[in-house]
Amino acid sequence: LVKKQHSTWIHAEARKHIAKQLSITEKALILQKSTHGKPFYVHQSKPIQQQFSVSHTPKYSILLIHNTDCAIDIEQPRKRKHLTKLQKK
């Protein structure tokens with residue numbers, strides 16, 4: 001899948017699982033973004049408690065759903081030029 005299709009698919013999965021947890025229809029959840037660009041769902045014009053985070057690599061996507069603020073990040077392994085400087089921090 002190309003990145004846009006992958007993103008659409010993973011957000012649809014988030015919607016499906018959150019709707020099931022809340023016992024509501026998927027269509028009742030509206031996707032919005034915070035001022036910082038973090039996506040979240042609202043139901044009946046109110047943000048829901050369940051938060052989610054999505055991260056992608058060219059091969060993989062990961063989805064985290066939690067009852068509080070959450071974040072997840074995956075990266076493709078690669079050599080780092082400045083790893084020694086990072087280790088000192």
# chains A, B, ... in the order shown; residues from 1 in each chain; ligands from 1

call {"tool": "select_by_dssp", "arguments": {"residues": "chain A", "states": "alpha helix (DSSP H)", "output": "list in words"}}
result
Lys3, Lys4, Gln5, His6, Ser7, Thr8, Trp9, Ile10, His11, Ala12, Glu13, Ala14, Arg15, Lys16, His17, Ile18, Ala19, Lys20, Gln21, Leu22, Leu83, Thr84, Lys85, Leu86, Gln87 and Lys88 of chain A

call {"tool": "residues_around", "arguments": {"residues": "region 21-38 of chain A", "least_positions_apart": "3", "cutoff": "9 Å", "atoms": "only C-alpha atoms", "output": "JSON, numbers by chain"}}
result
{"A": [11, 12, 15, 16, 17, 18, 41, 42, 43, 44, 45, 48, 50, 53]}

call {"tool": "write_last_selection", "arguments": {"atoms": "all heavy atoms", "output": "tab-separated table (two decimals), in the first residue's frame"}}
result
chain	number	residue	atom	x	y	z
A	11	HIS	N	-6.25	4.23	10.20
A	11	HIS	CA	-7.23	5.06	10.90
A	11	HIS	C	-8.61	4.40	10.90
A	11	HIS	O	-9.36	4.50	11.88
A	11	HIS	CB	-7.29	6.46	10.30
A	11	HIS	CG	-6.14	7.32	10.71
A	11	HIS	ND1	-5.04	7.50	9.93
A	11	HIS	CD2	-5.90	8.02	11.85
A	11	HIS	CE1	-4.19	8.28	10.55
A	11	HIS	NE2	-4.68	8.60	11.72
A	12	ALA	N	-8.93	3.69	9.84
A	12	ALA	CA	-10.20	2.94	9.80
A	12	ALA	C	-10.19	1.82	10.85
A	12	ALA	O	-11.21	1.55	11.49
A	12	ALA	CB	-10.44	2.37	8.41
A	15	ARG	N	-10.80	3.44	14.19
A	15	ARG	CA	-12.22	3.77	14.32
A	15	ARG	C	-13.04	2.52	14.65
A	15	ARG	O	-13.92	2.55	15.51
A	15	ARG	CB	-12.73	4.40	13.03
A	15	ARG	CG	-14.20	4.72	13.07
A	15	ARG	CD	-14.66	5.31	11.78
A	15	ARG	NE	-14.10	6.66	11.70
A	15	ARG	CZ	-14.43	7.54	10.80
A	15	ARG	NH1	-15.30	7.26	9.86
A	15	ARG	NH2	-13.90	8.74	10.81
A	16	LYS	N	-12.76	1.42	13.95
A	16	LYS	CA	-13.50	0.18	14.17
A	16	LYS	C	-13.35	-0.31	15.61
A	16	LYS	O	-14.34	-0.63	16.28
A	16	LYS	CB	-13.00	-0.89	13.19
A	16	LYS	CG	-13.69	-2.24	13.34
A	16	LYS	CD	-13.34	-3.20	12.23
A	16	LYS	CE	-11.91	-3.65	12.33
A	16	LYS	NZ	-11.57	-4.71	11.36
A	17	HIS	N	-12.13	-0.32	16.12
A	17	HIS	CA	-11.89	-0.83	17.47
A	17	HIS	C	-12.46	0.09	18.54
A	17	HIS	O	-13.03	-0.37	19.53
A	17	HIS	CB	-10.40	-1.08	17.69
A	17	HIS	CG	-9.87	-2.24	16.92
A	17	HIS	ND1	-10.11	-3.55	17.28
A	17	HIS	CD2	-9.15	-2.30	15.79
A	17	HIS	CE1	-9.55	-4.36	16.40
A	17	HIS	NE2	-8.96	-3.63	15.48
A	18	ILE	N	-12.32	1.41	18.34
A	18	ILE	CA	-12.85	2.36	19.32
A	18	ILE	C	-14.38	2.31	19.34
A	18	ILE	O	-14.99	2.30	20.41
A	18	ILE	CB	-12.32	3.77	19.04
A	18	ILE	CG1	-10.81	3.83	19.33
A	18	ILE	CG2	-13.08	4.81	19.86
A	18	ILE	CD1	-10.13	5.10	18.85
A	41	TYR	N	-10.75	11.26	17.82
A	41	TYR	CA	-12.15	11.12	17.43
A	41	TYR	C	-13.05	11.86	18.38
A	41	TYR	O	-12.77	11.96	19.58
A	41	TYR	CB	-12.55	9.63	17.40
A	41	TYR	CG	-12.03	8.92	16.19
A	41	TYR	CD1	-11.00	8.01	16.29
A	41	TYR	CD2	-12.57	9.15	14.93
A	41	TYR	CE1	-10.50	7.35	15.18
A	41	TYR	CE2	-12.10	8.50	13.81
A	41	TYR	CZ	-11.06	7.60	13.94
A	41	TYR	OH	-10.58	6.97	12.83
A	42	VAL	N	-14.15	12.38	17.83
A	42	VAL	CA	-15.20	12.97	18.65
A	42	VAL	C	-16.49	12.20	18.41
A	42	VAL	O	-16.69	11.61	17.34
A	42	VAL	CB	-15.41	14.48	18.34
A	42	VAL	CG1	-14.18	15.28	18.69
A	42	VAL	CG2	-15.80	14.71	16.91
A	43	HIS	N	-17.33	12.18	19.42
A	43	HIS	CA	-18.65	11.54	19.34
A	43	HIS	C	-19.64	12.54	19.90
A	43	HIS	O	-19.47	13.03	21.02
A	43	HIS	CB	-18.66	10.24	20.14
A	43	HIS	CG	-19.98	9.55	20.13
A	43	HIS	ND1	-20.75	9.46	21.26
A	43	HIS	CD2	-20.67	8.94	19.13
A	43	HIS	CE1	-21.87	8.81	20.96
A	43	HIS	NE2	-21.84	8.48	19.68
A	44	GLN	N	-20.66	12.86	19.13
A	44	GLN	CA	-21.67	13.85	19.51
A	44	GLN	C	-21.01	15.17	19.93
A	44	GLN	O	-21.30	15.72	20.98
A	44	GLN	CB	-22.56	13.28	20.61
A	44	GLN	CG	-23.35	12.08	20.15
A	44	GLN	CD	-24.21	11.46	21.24
A	44	GLN	OE1	-24.03	11.71	22.43
A	44	GLN	NE2	-25.16	10.64	20.82
A	45	SER	N	-20.06	15.62	19.12
A	45	SER	CA	-19.34	16.88	19.29
A	45	SER	C	-18.43	16.94	20.51
A	45	SER	O	-17.95	18.01	20.88
A	45	SER	CB	-20.31	18.07	19.33
A	45	SER	OG	-21.07	18.11	18.15
A	48	ILE	N	-13.68	11.90	22.68
A	48	ILE	CA	-13.87	10.67	23.45
A	48	ILE	C	-12.65	10.42	24.32
A	48	ILE	O	-11.58	10.99	24.09
A	48	ILE	CB	-14.12	9.47	22.52
A	48	ILE	CG1	-12.94	9.24	21.58
A	48	ILE	CG2	-15.42	9.64	21.75
A	48	ILE	CD1	-12.96	7.93	20.87
A	50	GLN	N	-10.97	7.54	24.69
A	50	GLN	CA	-9.98	6.70	24.04
A	50	GLN	C	-9.12	7.53	23.10
A	50	GLN	O	-9.63	8.23	22.24
A	50	GLN	CB	-10.63	5.55	23.24
A	50	GLN	CG	-11.15	4.44	24.09
A	50	GLN	CD	-12.52	4.76	24.68
A	50	GLN	OE1	-13.05	5.84	24.53
A	50	GLN	NE2	-13.10	3.80	25.37
A	53	SER	N	-2.67	6.40	18.75
A	53	SER	CA	-1.44	6.87	18.11
A	53	SER	C	-1.09	5.88	17.01
A	53	SER	O	-1.28	4.67	17.16
A	53	SER	CB	-0.31	6.94	19.14
A	53	SER	OG	0.88	7.42	18.55

call {"tool": "closest_residue", "arguments": {"among": "A:Trp9, A:Ala14, A:Val2, A:Lys81", "to": "Leu63 (chain A)", "atoms": "only C-alpha atoms"}}
result
A:Ala14

call {"tool": "closest_residue", "arguments": {"among": "A:Thr57, A:Ala19, A:His6, A:Phe40", "to": "Asp69 (chain A)", "atoms": "only C-alpha atoms"}}
result
A:Phe40

call {"tool": "atom_distance", "arguments": {"atom1": "CA of Thr8 (chain A)", "atom2": "CA of Thr68 (chain A)"}}
result
22.8 Å

call {"tool": "atom_distance", "arguments": {"atom1": "CA of Pro39 (chain A)", "atom2": "CA of Ile74 (chain A)"}}
result
17.3 Å
